[in-house]
2 protein chains.
Amino acid sequence: MHTTLRSASQEVVIGLDRPFCVIGERINPTGRKVFQEQLRAGDLSAIERDVAAQVAGEADMVDVNMGVPLTDEADLLSRAVTLVQKLTDKPVCIDSSVVEALEAGLAAYEGRALVNSVTAEDDRLAAILPLVKRHDAAIIGLPNDADEIPMDADRRVELARKIVDVATKEYGIATEDVVIDPLAMPIGADTTVVATTLETIRRIRIELGVNMTLGASNVSFGMPGRHALGAAFLPMAMSAGLTSAIMDARSPQIVEAVRAADLLLGNDEWGAAWIAAHRAKLHET
Amino acid sequence: MHTTLRSASQEVVIGLDRPFCVIGERINPTGRKVFQEQLRAGDLSAIERDVAAQVAGEADMVDVNMGVPLTDEADLLSRAVTLVQKLTDKPVCIDSSVVEALEAGLAAYEGRALVNSVTAEDDRLAAILPLVKRHDAAIIGLPNDADEIPMDADRRVELARKIVDVATKEYGIATEDVVIDPLAMPIGADTTVVATTLETIRRIRIELGVNMTLGASNVSFGMPGRHALGAAFLPMAMSAGLTSAIMDARSPQIVEAVRAADLLLGNDEWGAAWIAAHRAKLHET
């Protein structure tokens with residue numbers, strides 16, 4: 001099962017037999033007051049630094065979110081997508097909960113985007129999936145119902161199945177273009193949440209066979225040692241079947257853990273990428 | 001399923017619902033010429049430094065191996081076990097391929113030891129299991145047949161089942177006192193070996209339900225970035241069902257990965273150990 005995303009000139013393929021797809025997460029004003037004020041004033045210049053940092057950290061794609069309250073998010077996201085495509089050839093994940101913003105972002109995008117995201121409610125599916133189909137994009141499906149996040153794997157798998165069924169049967173989207181988010185929650189709130197996420201990943205891999213991505217930073221939210229937690233979580237999730245994550249590529253420890261897991265899971269032939277990366281490191285020092 | 005090991009004053013319990021058991025691996029002359037010569041001359045003083053380093057790295061147990069060619073290994077191992085028990089209260093894993101050495105080590109040991117190891121051949125089982133039973137110890141079983149290491153999970157599970165069956169039915173050893181080594185091989189030789197180890201772990205967990213340990217350093221043998229590979233491998237293996245490893249506790253990156261995985265898998269209640277360890281670190285700096 002391969003999900004293919006493209007910019008004007010680069011292609012990324014997500015799949016169980018491919019190196020893990022790192023989607024850089026920082027082009028997002030959530031929780032960043034200064035960035036929010038800049039965006040409110042129409043100043044997108046901070047994006048340049050954020051894109052450069054994610055690309056330097058070897059992100060395979062970048063997530064672009066312009067969710068600032070009391071702004072024209074559609075206009076901002078459209079401009080941000082255009083700007084990001086000038087800054088990097090990496091394919092883009094267009095991230096919004098506002099349908100008009102997704103539409104504007106998709107219209108501005110050159111290539112084949114990943115849309116982040118749709119939830120399992122009928123009205124959201126009916127609003128977003130036709131857009132995805134019309135723009136020949138791929139979609140991230142969140143197994144949320146209404147505003148509730150299911151805390152058990154059974155219900156998440158059930159809602160994931162609903163999203164895949166509706167996308168494929170009602171809107172003619174290919175199964176491989178539906179990427180499910182198995183939902184990562186903070187371990188600090190409840191030490192059973194990662195077990196639930198891992199079980200959800202294993203079951204979606206077996207029962208639906210689709211690609212998966214999640215917001216990896218959520219897991220360590222509020223805890224000390226966040227890089228070490230991320231670096232332990234992602235190899236576990238990858239060995240369960242996770243094929244991508246929206247994560248901060250500025251953390252060398254977490255990115256190295258992902259590339260180590262690629263090698264250990266047989267997705268780095270002859271260890272060529274691992275050995276080359278470590279040879280480059282030796283030359284740096 | 002709980003495997004309980006003891007020194008004169010400390011107890012370690014290995015189990016899926018317990019923090020991972022780190023067995024420090026360096027009290028072993030394999031590949032260490034200077035240490036071999038010292039041992040040949042009857043000089044055990046290097047053991048002091050090695051034990052101190054493993055304990056400083058927060059090993060839960062220590063593995064003691066005195067396999068030096070052309071020596072009286074039984075005498076050396078007996079003396080080493082006595083010395084190690086003076087140096088630390090951590091329970092010991094008595095490691096030899098020589099039956100007489102295991103016997104001497106067990107006779108010298110005060111507590112409940114883990115014996116490393118027995119293979120699946122009938123003559124080895126018949127020589128070692130009565131010793132394990134007589135000394136009320138626990139045993140690590142390697143699913144090797146003769147001198148061949150099976151490269152597929154099916155055969156490893158089959159040989160593991162044989163060891164468990166013979167130990168429990170013929171020698172009256174409790175199932176929880178048989179710890180299986182699912183066999184970790186170097187990823188540098190063949191990039192499919194870790195997938196086989198992970199599949200073996202998953203199947204032994206489901207089909208036999210016993211505790212497992214392995215030599216974690218083998219995986220990264222010959223590769224650059226060994227700490228990062230170990231730190232990615234162990235969380236994957238732990239989420240598959242591995243409950244212990246013989247590993248080098250001198251690597252903070254690998255030990256931290258194990259403790260992060262304990263938290264993420266729900267074996268660090270309230271994250272108390274994780275938070276305390278990071279608070280201690282802050283105080284150090």
# chains A, B, ... in the order shown; residues from 1 in each chain; ligands from 1
call {"tool": "interface_residues", "arguments": {"of": "chain A", "to": "chain B", "cutoff": "8 Å", "atoms": "only C-alpha atoms", "output": "PDB file with all heavy atoms, in the first residue's frame"}}
result
ATOM      1  N   ILE A 187       1.363  10.870  27.499  1.00  0.00           N
ATOM      2  CA  ILE A 187       1.611   9.812  28.485  1.00  0.00           C
ATOM      3  C   ILE A 187       1.531  10.382  29.900  1.00  0.00           C
ATOM      4  O   ILE A 187       1.222   9.645  30.857  1.00  0.00           O
ATOM      5  CB  ILE A 187       2.986   9.140  28.236  1.00  0.00           C
ATOM      6  CG1 ILE A 187       3.162   7.861  29.050  1.00  0.00           C
ATOM      7  CG2 ILE A 187       4.163  10.094  28.513  1.00  0.00           C
ATOM      8  CD1 ILE A 187       2.463   6.665  28.528  1.00  0.00           C
ATOM      9  N   GLY A 188       1.782  11.678  30.043  1.00  0.00           N
ATOM     10  CA  GLY A 188       1.763  12.297  31.365  1.00  0.00           C
ATOM     11  C   GLY A 188       0.376  12.326  31.991  1.00  0.00           C
ATOM     12  O   GLY A 188       0.228  12.364  33.211  1.00  0.00           O
ATOM     13  N   ASP A 190      -1.982   9.900  31.452  1.00  0.00           N
ATOM     14  CA  ASP A 190      -2.495   8.543  31.682  1.00  0.00           C
ATOM     15  C   ASP A 190      -1.490   7.583  31.041  1.00  0.00           C
ATOM     16  O   ASP A 190      -1.291   7.604  29.828  1.00  0.00           O
ATOM     17  CB  ASP A 190      -3.872   8.427  31.014  1.00  0.00           C
ATOM     18  CG  ASP A 190      -4.441   7.011  31.015  1.00  0.00           C
ATOM     19  OD1 ASP A 190      -3.727   6.063  31.399  1.00  0.00           O
ATOM     20  OD2 ASP A 190      -5.611   6.861  30.616  1.00  0.00           O
ATOM     21  N   THR A 191      -0.868   6.719  31.864  1.00  0.00           N
ATOM     22  CA  THR A 191       0.220   5.874  31.330  1.00  0.00           C
ATOM     23  C   THR A 191      -0.285   4.704  30.487  1.00  0.00           C
ATOM     24  O   THR A 191       0.519   3.907  30.013  1.00  0.00           O
ATOM     25  CB  THR A 191       1.131   5.338  32.461  1.00  0.00           C
ATOM     26  OG1 THR A 191       0.333   4.679  33.434  1.00  0.00           O
ATOM     27  CG2 THR A 191       1.925   6.462  33.098  1.00  0.00           C
ATOM     28  N   THR A 192      -1.592   4.611  30.229  1.00  0.00           N
ATOM     29  CA  THR A 192      -2.079   3.544  29.342  1.00  0.00           C
ATOM     30  C   THR A 192      -2.285   4.027  27.901  1.00  0.00           C
ATOM     31  O   THR A 192      -2.570   3.217  27.021  1.00  0.00           O
ATOM     32  CB  THR A 192      -3.418   2.939  29.831  1.00  0.00           C
ATOM     33  OG1 THR A 192      -4.452   3.911  29.655  1.00  0.00           O
ATOM     34  CG2 THR A 192      -3.337   2.537  31.290  1.00  0.00           C
ATOM     35  N   VAL A 194      -0.361   5.151  25.451  1.00  0.00           N
ATOM     36  CA  VAL A 194       0.523   4.699  24.365  1.00  0.00           C
ATOM     37  C   VAL A 194       0.222   3.246  24.012  1.00  0.00           C
ATOM     38  O   VAL A 194       0.226   2.867  22.836  1.00  0.00           O
ATOM     39  CB  VAL A 194       2.000   4.924  24.723  1.00  0.00           C
ATOM     40  CG1 VAL A 194       2.915   4.214  23.736  1.00  0.00           C
ATOM     41  CG2 VAL A 194       2.315   6.423  24.722  1.00  0.00           C
ATOM     42  N   ALA A 195      -0.080   2.429  25.021  1.00  0.00           N
ATOM     43  CA  ALA A 195      -0.475   1.039  24.742  1.00  0.00           C
ATOM     44  C   ALA A 195      -1.695   1.022  23.819  1.00  0.00           C
ATOM     45  O   ALA A 195      -1.774   0.218  22.884  1.00  0.00           O
ATOM     46  CB  ALA A 195      -0.763   0.297  26.046  1.00  0.00           C
ATOM     47  N   MET A 223       6.044  16.413  29.807  1.00  0.00           N
ATOM     48  CA  MET A 223       7.007  15.562  30.534  1.00  0.00           C
ATOM     49  C   MET A 223       8.424  16.086  30.336  1.00  0.00           C
ATOM     50  O   MET A 223       8.727  16.694  29.315  1.00  0.00           O
ATOM     51  CB  MET A 223       6.937  14.132  29.998  1.00  0.00           C
ATOM     52  CG  MET A 223       5.677  13.389  30.352  1.00  0.00           C
ATOM     53  SD  MET A 223       5.463  13.145  32.132  1.00  0.00           S
ATOM     54  CE  MET A 223       6.540  11.730  32.391  1.00  0.00           C
ATOM     55  N   PRO A 224       9.328  15.795  31.290  1.00  0.00           N
ATOM     56  CA  PRO A 224      10.753  16.053  31.038  1.00  0.00           C
ATOM     57  C   PRO A 224      11.287  15.004  30.054  1.00  0.00           C
ATOM     58  O   PRO A 224      10.634  13.980  29.829  1.00  0.00           O
ATOM     59  CB  PRO A 224      11.400  15.875  32.419  1.00  0.00           C
ATOM     60  CG  PRO A 224      10.498  14.922  33.134  1.00  0.00           C
ATOM     61  CD  PRO A 224       9.092  15.169  32.600  1.00  0.00           C
ATOM     62  N   GLY A 225      12.454  15.261  29.476  1.00  0.00           N
ATOM     63  CA  GLY A 225      13.095  14.266  28.603  1.00  0.00           C
ATOM     64  C   GLY A 225      12.288  14.000  27.345  1.00  0.00           C
ATOM     65  O   GLY A 225      12.176  12.853  26.898  1.00  0.00           O
ATOM     66  N   ALA A 228      14.020  12.069  24.391  1.00  0.00           N
ATOM     67  CA  ALA A 228      14.231  10.639  24.671  1.00  0.00           C
ATOM     68  C   ALA A 228      12.907   9.873  24.575  1.00  0.00           C
ATOM     69  O   ALA A 228      12.865   8.742  24.080  1.00  0.00           O
ATOM     70  CB  ALA A 228      14.855  10.454  26.055  1.00  0.00           C
ATOM     71  N   LEU A 229      11.813  10.488  25.026  1.00  0.00           N
ATOM     72  CA  LEU A 229      10.513   9.819  24.933  1.00  0.00           C
ATOM     73  C   LEU A 229      10.100   9.655  23.469  1.00  0.00           C
ATOM     74  O   LEU A 229       9.629   8.592  23.056  1.00  0.00           O
ATOM     75  CB  LEU A 229       9.445  10.600  25.716  1.00  0.00           C
ATOM     76  CG  LEU A 229       9.569  10.505  27.240  1.00  0.00           C
ATOM     77  CD1 LEU A 229       8.595  11.472  27.926  1.00  0.00           C
ATOM     78  CD2 LEU A 229       9.302   9.075  27.730  1.00  0.00           C
ATOM     79  N   ALA A 231      12.101   9.529  20.945  1.00  0.00           N
ATOM     80  CA  ALA A 231      13.043   8.596  20.313  1.00  0.00           C
ATOM     81  C   ALA A 231      12.746   7.148  20.687  1.00  0.00           C
ATOM     82  O   ALA A 231      13.132   6.230  19.971  1.00  0.00           O
ATOM     83  CB  ALA A 231      14.481   8.947  20.707  1.00  0.00           C
ATOM     84  N   ALA A 232      12.086   6.919  21.805  1.00  0.00           N
ATOM     85  CA  ALA A 232      11.684   5.550  22.182  1.00  0.00           C
ATOM     86  C   ALA A 232      10.319   5.216  21.578  1.00  0.00           C
ATOM     87  O   ALA A 232      10.060   4.090  21.163  1.00  0.00           O
ATOM     88  CB  ALA A 232      11.634   5.400  23.697  1.00  0.00           C
ATOM     89  N   PHE A 233       9.429   6.221  21.534  1.00  0.00           N
ATOM     90  CA  PHE A 233       8.066   5.973  21.044  1.00  0.00           C
ATOM     91  C   PHE A 233       8.043   5.609  19.562  1.00  0.00           C
ATOM     92  O   PHE A 233       7.362   4.660  19.151  1.00  0.00           O
ATOM     93  CB  PHE A 233       7.190   7.211  21.287  1.00  0.00           C
ATOM     94  CG  PHE A 233       5.849   7.121  20.617  1.00  0.00           C
ATOM     95  CD1 PHE A 233       4.908   6.195  21.048  1.00  0.00           C
ATOM     96  CD2 PHE A 233       5.535   7.940  19.533  1.00  0.00           C
ATOM     97  CE1 PHE A 233       3.674   6.089  20.417  1.00  0.00           C
ATOM     98  CE2 PHE A 233       4.311   7.839  18.902  1.00  0.00           C
ATOM     99  CZ  PHE A 233       3.372   6.913  19.341  1.00  0.00           C
ATOM    100  N   PRO A 235      10.217   4.270  17.282  1.00  0.00           N
ATOM    101  CA  PRO A 235      10.566   2.899  16.869  1.00  0.00           C
ATOM    102  C   PRO A 235       9.509   1.863  17.280  1.00  0.00           C
ATOM    103  O   PRO A 235       9.200   0.948  16.514  1.00  0.00           O
ATOM    104  CB  PRO A 235      11.904   2.651  17.582  1.00  0.00           C
ATOM    105  CG  PRO A 235      12.508   4.018  17.689  1.00  0.00           C
ATOM    106  CD  PRO A 235      11.336   4.932  17.985  1.00  0.00           C
ATOM    107  N   MET A 236       8.924   2.026  18.473  1.00  0.00           N
ATOM    108  CA  MET A 236       7.851   1.109  18.886  1.00  0.00           C
ATOM    109  C   MET A 236       6.670   1.202  17.917  1.00  0.00           C
ATOM    110  O   MET A 236       6.127   0.189  17.475  1.00  0.00           O
ATOM    111  CB  MET A 236       7.360   1.459  20.296  1.00  0.00           C
ATOM    112  CG  MET A 236       8.384   1.239  21.381  1.00  0.00           C
ATOM    113  SD  MET A 236       7.670   1.162  23.067  1.00  0.00           S
ATOM    114  CE  MET A 236       7.005   2.792  23.214  1.00  0.00           C
ATOM    115  N   ALA A 237       6.270   2.443  17.602  1.00  0.00           N
ATOM    116  CA  ALA A 237       5.113   2.647  16.722  1.00  0.00           C
ATOM    117  C   ALA A 237       5.420   2.159  15.307  1.00  0.00           C
ATOM    118  O   ALA A 237       4.560   1.573  14.637  1.00  0.00           O
ATOM    119  CB  ALA A 237       4.729   4.123  16.723  1.00  0.00           C
ATOM    120  N   SER A 239       7.489  -0.298  14.507  1.00  0.00           N
ATOM    121  CA  SER A 239       7.483  -1.763  14.462  1.00  0.00           C
ATOM    122  C   SER A 239       6.061  -2.303  14.547  1.00  0.00           C
ATOM    123  O   SER A 239       5.790  -3.426  14.131  1.00  0.00           O
ATOM    124  CB  SER A 239       8.380  -2.367  15.547  1.00  0.00           C
ATOM    125  OG  SER A 239       7.851  -2.142  16.822  1.00  0.00           O
ATOM    126  N   GLU A 256      17.212  10.548  14.353  1.00  0.00           N
ATOM    127  CA  GLU A 256      18.149   9.422  14.305  1.00  0.00           C
ATOM    128  C   GLU A 256      17.464   8.119  14.750  1.00  0.00           C
ATOM    129  O   GLU A 256      17.729   7.054  14.189  1.00  0.00           O
ATOM    130  CB  GLU A 256      19.368   9.715  15.198  1.00  0.00           C
ATOM    131  CG  GLU A 256      20.492   8.713  14.972  1.00  0.00           C
ATOM    132  CD  GLU A 256      21.734   9.010  15.815  1.00  0.00           C
ATOM    133  OE1 GLU A 256      21.585   9.476  16.956  1.00  0.00           O
ATOM    134  OE2 GLU A 256      22.847   8.753  15.318  1.00  0.00           O
ATOM    135  N   ALA A 257      16.581   8.213  15.737  1.00  0.00           N
ATOM    136  CA  ALA A 257      15.844   7.021  16.184  1.00  0.00           C
ATOM    137  C   ALA A 257      14.991   6.464  15.046  1.00  0.00           C
ATOM    138  O   ALA A 257      14.900   5.249  14.847  1.00  0.00           O
ATOM    139  CB  ALA A 257      14.964   7.357  17.391  1.00  0.00           C
ATOM    140  N   VAL A 258      14.369   7.365  14.279  1.00  0.00           N
ATOM    141  CA  VAL A 258      13.545   6.947  13.143  1.00  0.00           C
ATOM    142  C   VAL A 258      14.411   6.267  12.085  1.00  0.00           C
ATOM    143  O   VAL A 258      14.054   5.210  11.543  1.00  0.00           O
ATOM    144  CB  VAL A 258      12.810   8.169  12.549  1.00  0.00           C
ATOM    145  CG1 VAL A 258      12.262   7.869  11.161  1.00  0.00           C
ATOM    146  CG2 VAL A 258      11.690   8.613  13.488  1.00  0.00           C
ATOM    147  N   ALA A 260      17.328   4.823  12.553  1.00  0.00           N
ATOM    148  CA  ALA A 260      17.791   3.553  13.115  1.00  0.00           C
ATOM    149  C   ALA A 260      16.701   2.499  12.963  1.00  0.00           C
ATOM    150  O   ALA A 260      16.966   1.359  12.561  1.00  0.00           O
ATOM    151  CB  ALA A 260      18.166   3.730  14.591  1.00  0.00           C
ATOM    152  N   ALA A 261      15.466   2.883  13.255  1.00  0.00           N
ATOM    153  CA  ALA A 261      14.357   1.923  13.141  1.00  0.00           C
ATOM    154  C   ALA A 261      14.134   1.526  11.677  1.00  0.00           C
ATOM    155  O   ALA A 261      13.813   0.367  11.392  1.00  0.00           O
ATOM    156  CB  ALA A 261      13.085   2.517  13.748  1.00  0.00           C
ATOM    157  N   LEU A 263      16.464   1.120   9.484  1.00  0.00           N
ATOM    158  CA  LEU A 263      17.485   0.082   9.261  1.00  0.00           C
ATOM    159  C   LEU A 263      17.073  -1.233   9.917  1.00  0.00           C
ATOM    160  O   LEU A 263      17.102  -2.297   9.296  1.00  0.00           O
ATOM    161  CB  LEU A 263      18.831   0.576   9.818  1.00  0.00           C
ATOM    162  CG  LEU A 263      19.975  -0.440   9.897  1.00  0.00           C
ATOM    163  CD1 LEU A 263      20.293  -1.016   8.512  1.00  0.00           C
ATOM    164  CD2 LEU A 263      21.222   0.198  10.495  1.00  0.00           C
ATOM    165  N   LEU A 264      16.662  -1.150  11.192  1.00  0.00           N
ATOM    166  CA  LEU A 264      16.351  -2.369  11.950  1.00  0.00           C
ATOM    167  C   LEU A 264      15.136  -3.098  11.384  1.00  0.00           C
ATOM    168  O   LEU A 264      15.020  -4.308  11.510  1.00  0.00           O
ATOM    169  CB  LEU A 264      16.127  -2.019  13.427  1.00  0.00           C
ATOM    170  CG  LEU A 264      17.360  -1.440  14.150  1.00  0.00           C
ATOM    171  CD1 LEU A 264      16.976  -0.920  15.524  1.00  0.00           C
ATOM    172  CD2 LEU A 264      18.475  -2.481  14.263  1.00  0.00           C
ATOM    173  N   LEU A 265      14.211  -2.346  10.756  1.00  0.00           N
ATOM    174  CA  LEU A 265      13.007  -2.969  10.194  1.00  0.00           C
ATOM    175  C   LEU A 265      13.212  -3.397   8.742  1.00  0.00           C
ATOM    176  O   LEU A 265      12.278  -3.846   8.082  1.00  0.00           O
ATOM    177  CB  LEU A 265      11.811  -2.012  10.321  1.00  0.00           C
ATOM    178  CG  LEU A 265      11.378  -1.741  11.776  1.00  0.00           C
ATOM    179  CD1 LEU A 265      10.333  -0.630  11.826  1.00  0.00           C
ATOM    180  CD2 LEU A 265      10.829  -3.022  12.423  1.00  0.00           C
ATOM    181  N   GLY A 266      14.434  -3.240   8.224  1.00  0.00           N
ATOM    182  CA  GLY A 266      14.721  -3.728   6.868  1.00  0.00           C
ATOM    183  C   GLY A 266      14.370  -2.745   5.768  1.00  0.00           C
ATOM    184  O   GLY A 266      14.261  -3.130   4.602  1.00  0.00           O
ATOM    185  N   ASP A 268      16.191   0.033   4.994  1.00  0.00           N
ATOM    186  CA  ASP A 268      17.382   0.794   4.594  1.00  0.00           C
ATOM    187  C   ASP A 268      18.346  -0.247   4.022  1.00  0.00           C
ATOM    188  O   ASP A 268      19.165  -0.816   4.743  1.00  0.00           O
ATOM    189  CB  ASP A 268      17.971   1.516   5.806  1.00  0.00           C
ATOM    190  CG  ASP A 268      19.268   2.261   5.490  1.00  0.00           C
ATOM    191  OD1 ASP A 268      19.684   2.284   4.321  1.00  0.00           O
ATOM    192  OD2 ASP A 268      19.857   2.811   6.443  1.00  0.00           O
ATOM    193  N   GLU A 269      18.208  -0.514   2.723  1.00  0.00           N
ATOM    194  CA  GLU A 269      18.913  -1.626   2.107  1.00  0.00           C
ATOM    195  C   GLU A 269      20.425  -1.513   2.291  1.00  0.00           C
ATOM    196  O   GLU A 269      21.009  -0.463   2.037  1.00  0.00           O
ATOM    197  CB  GLU A 269      18.565  -1.711   0.617  1.00  0.00           C
ATOM    198  CG  GLU A 269      18.467  -3.161   0.161  1.00  0.00           C
ATOM    199  CD  GLU A 269      18.096  -3.271  -1.317  1.00  0.00           C
ATOM    200  OE1 GLU A 269      17.721  -2.245  -1.922  1.00  0.00           O
ATOM    201  OE2 GLU A 269      18.201  -4.368  -1.862  1.00  0.00           O
ATOM    202  N   TRP A 270      21.025  -2.619   2.740  1.00  0.00           N
ATOM    203  CA  TRP A 270      22.462  -2.692   3.025  1.00  0.00           C
ATOM    204  C   TRP A 270      22.874  -1.703   4.120  1.00  0.00           C
ATOM    205  O   TRP A 270      24.048  -1.500   4.359  1.00  0.00           O
ATOM    206  CB  TRP A 270      23.324  -2.412   1.781  1.00  0.00           C
ATOM    207  CG  TRP A 270      22.965  -3.247   0.602  1.00  0.00           C
ATOM    208  CD1 TRP A 270      22.337  -2.829  -0.543  1.00  0.00           C
ATOM    209  CD2 TRP A 270      23.186  -4.659   0.430  1.00  0.00           C
ATOM    210  NE1 TRP A 270      22.156  -3.882  -1.389  1.00  0.00           N
ATOM    211  CE2 TRP A 270      22.670  -5.011  -0.834  1.00  0.00           C
ATOM    212  CE3 TRP A 270      23.770  -5.643   1.229  1.00  0.00           C
ATOM    213  CZ2 TRP A 270      22.718  -6.312  -1.313  1.00  0.00           C
ATOM    214  CZ3 TRP A 270      23.814  -6.936   0.738  1.00  0.00           C
ATOM    215  CH2 TRP A 270      23.293  -7.266  -0.518  1.00  0.00           C
ATOM    216  N   GLY A 271      21.915  -1.041   4.778  1.00  0.00           N
ATOM    217  CA  GLY A 271      22.271  -0.008   5.750  1.00  0.00           C
ATOM    218  C   GLY A 271      22.926   1.196   5.089  1.00  0.00           C
ATOM    219  O   GLY A 271      23.621   1.970   5.751  1.00  0.00           O
ATOM    220  N   ILE A 275      24.805   4.216   7.151  1.00  0.00           N
ATOM    221  CA  ILE A 275      26.265   4.312   7.097  1.00  0.00           C
ATOM    222  C   ILE A 275      26.689   5.655   6.485  1.00  0.00           C
ATOM    223  O   ILE A 275      27.588   6.321   6.992  1.00  0.00           O
ATOM    224  CB  ILE A 275      26.853   3.103   6.328  1.00  0.00           C
ATOM    225  CG1 ILE A 275      26.637   1.830   7.158  1.00  0.00           C
ATOM    226  CG2 ILE A 275      28.333   3.303   6.031  1.00  0.00           C
ATOM    227  CD1 ILE A 275      26.864   0.529   6.400  1.00  0.00           C
ATOM    228  N   HIS A 278      26.308   8.438   8.998  1.00  0.00           N
ATOM    229  CA  HIS A 278      27.338   8.438  10.042  1.00  0.00           C
ATOM    230  C   HIS A 278      28.708   8.790   9.488  1.00  0.00           C
ATOM    231  O   HIS A 278      29.541   9.342  10.192  1.00  0.00           O
ATOM    232  CB  HIS A 278      27.337   7.106  10.799  1.00  0.00           C
ATOM    233  CG  HIS A 278      26.197   7.053  11.763  1.00  0.00           C
ATOM    234  ND1 HIS A 278      24.913   6.756  11.363  1.00  0.00           N
ATOM    235  CD2 HIS A 278      26.120   7.368  13.073  1.00  0.00           C
ATOM    236  CE1 HIS A 278      24.107   6.846  12.407  1.00  0.00           C
ATOM    237  NE2 HIS A 278      24.812   7.207  13.457  1.00  0.00           N
TER     238      HIS A 278
END
call {"tool": "residues_around", "arguments": {"residues": "A:Val118", "least_positions_apart": "5", "cutoff": "7 Å", "atoms": "only C-alpha atoms", "output": "ChimeraX atom specification"}}
result
/A:124-125,128,140-142
call {"tool": "select_by_dssp", "arguments": {"residues": "stretch 32-243 of chain B", "states": "alpha helix (DSSP H)", "output": "PyMOL selection string"}}
result
chain B and resi 33-40+46-56+73-87+99-108+122-134+153-165+193-207+226-240
call {"tool": "residues_around", "arguments": {"residues": "stretch 42-55 of chain A", "least_positions_apart": "6", "cutoff": "9 Å", "atoms": "only C-alpha atoms", "output": "compact mmCIF listing (two decimals) with N, CA and C atoms, in the first residue's frame"}}
result
# COMPACT_ATOMS: atom_id res chain seq x y z
N ILE A 23 7.26 14.14 8.59
CA ILE A 23 6.56 15.36 8.18
C ILE A 23 6.88 16.44 9.21
N GLY A 24 7.67 17.43 8.81
CA GLY A 24 8.11 18.50 9.73
C GLY A 24 6.92 19.33 10.20
N GLU A 25 6.88 19.61 11.51
CA GLU A 25 5.63 20.12 12.10
C GLU A 25 5.60 21.58 12.49
N ARG A 26 6.66 22.35 12.36
CA ARG A 26 6.72 23.63 13.04
C ARG A 26 6.08 24.80 12.31
N ILE A 27 5.63 24.59 11.06
CA ILE A 27 5.04 25.73 10.35
C ILE A 27 3.59 25.83 10.80
N ASN A 28 3.43 26.25 12.07
CA ASN A 28 2.16 26.15 12.78
C ASN A 28 2.18 27.15 13.94
N PHE A 35 4.56 34.43 16.65
CA PHE A 35 4.25 33.99 15.29
C PHE A 35 2.79 34.33 14.95
N MET A 61 8.65 15.79 4.29
CA MET A 61 7.55 16.67 3.89
C MET A 61 7.45 17.76 4.96
N VAL A 62 6.65 18.80 4.69
CA VAL A 62 6.38 19.78 5.75
C VAL A 62 4.87 19.98 5.90
N LEU A 76 -4.50 33.30 4.36
CA LEU A 76 -3.19 33.04 4.96
C LEU A 76 -2.61 31.70 4.49
N ARG A 79 -1.46 31.78 0.88
CA ARG A 79 -0.18 32.49 0.73
C ARG A 79 0.97 31.67 1.32
N ALA A 80 0.70 31.03 2.46
CA ALA A 80 1.76 30.24 3.11
C ALA A 80 2.18 29.06 2.23
N LEU A 83 4.33 30.32 -0.53
CA LEU A 83 5.65 30.69 0.00
C LEU A 83 6.49 29.44 0.29
N VAL A 84 5.88 28.45 0.97
CA VAL A 84 6.61 27.23 1.33
C VAL A 84 7.12 26.54 0.07
N LEU A 87 10.23 27.95 -0.99
CA LEU A 87 11.37 27.72 -0.08
C LEU A 87 11.92 26.29 -0.14
N THR A 88 11.04 25.34 -0.49
CA THR A 88 11.48 23.94 -0.50
C THR A 88 10.75 23.14 -1.57
N LYS A 90 10.11 19.99 -0.94
CA LYS A 90 9.44 18.91 -0.20
C LYS A 90 7.92 19.02 -0.39
N ASP A 248 8.80 17.06 15.01
CA ASP A 248 9.75 18.16 14.90
C ASP A 248 11.11 17.63 14.43
N ALA A 249 11.44 17.88 13.18
CA ALA A 249 12.69 17.36 12.61
C ALA A 249 13.91 18.10 13.16
N ARG A 250 13.69 19.11 14.01
CA ARG A 250 14.84 19.79 14.61
C ARG A 250 15.51 18.96 15.69
call {"tool": "atom_distance", "arguments": {"atom1": "atom CA of A:Asn144", "atom2": "atom CA of A:Ala160"}}
result
8.6 Å
call {"tool": "residues_around", "arguments": {"residues": "A:Arg161", "least_positions_apart": "2", "cutoff": "12 Å", "atoms": "only C-alpha atoms", "output": "ChimeraX atom specification"}}
result
/A:119-120,141-144,154-159,163-169,175,178-182,200,203-210
call {"tool": "closest_residue", "arguments": {"among": "B:Lys33, B:Thr243, B:Ala113, B:Lys162", "to": "B:Leu131", "atoms": "only C-alpha atoms"}}
result
B:Ala113
call {"tool": "select_by_dssp", "arguments": {"residues": "stretch 96-205 of chain A", "states": "strand (DSSP E or B)", "output": "list in words"}}
result
Arg112, Leu114, Val115, Asn116, Ser117, Val118, Thr119, Ala138, Ile139, Ile140, Gly141, Leu142, Asp145, Glu148, Val178, Val179 and Ile180 of chain A
call {"tool": "atom_distance", "arguments": {"atom1": "atom CA of A:Thr71", "atom2": "atom CA of A:Ser117"}}
result
19.9 Å
call {"tool": "closest_residue", "arguments": {"among": "B:Glu121, B:Arg6, B:Asp177, B:Ala126", "to": "B:Ala146", "atoms": "only C-alpha atoms"}}
result
B:Glu121
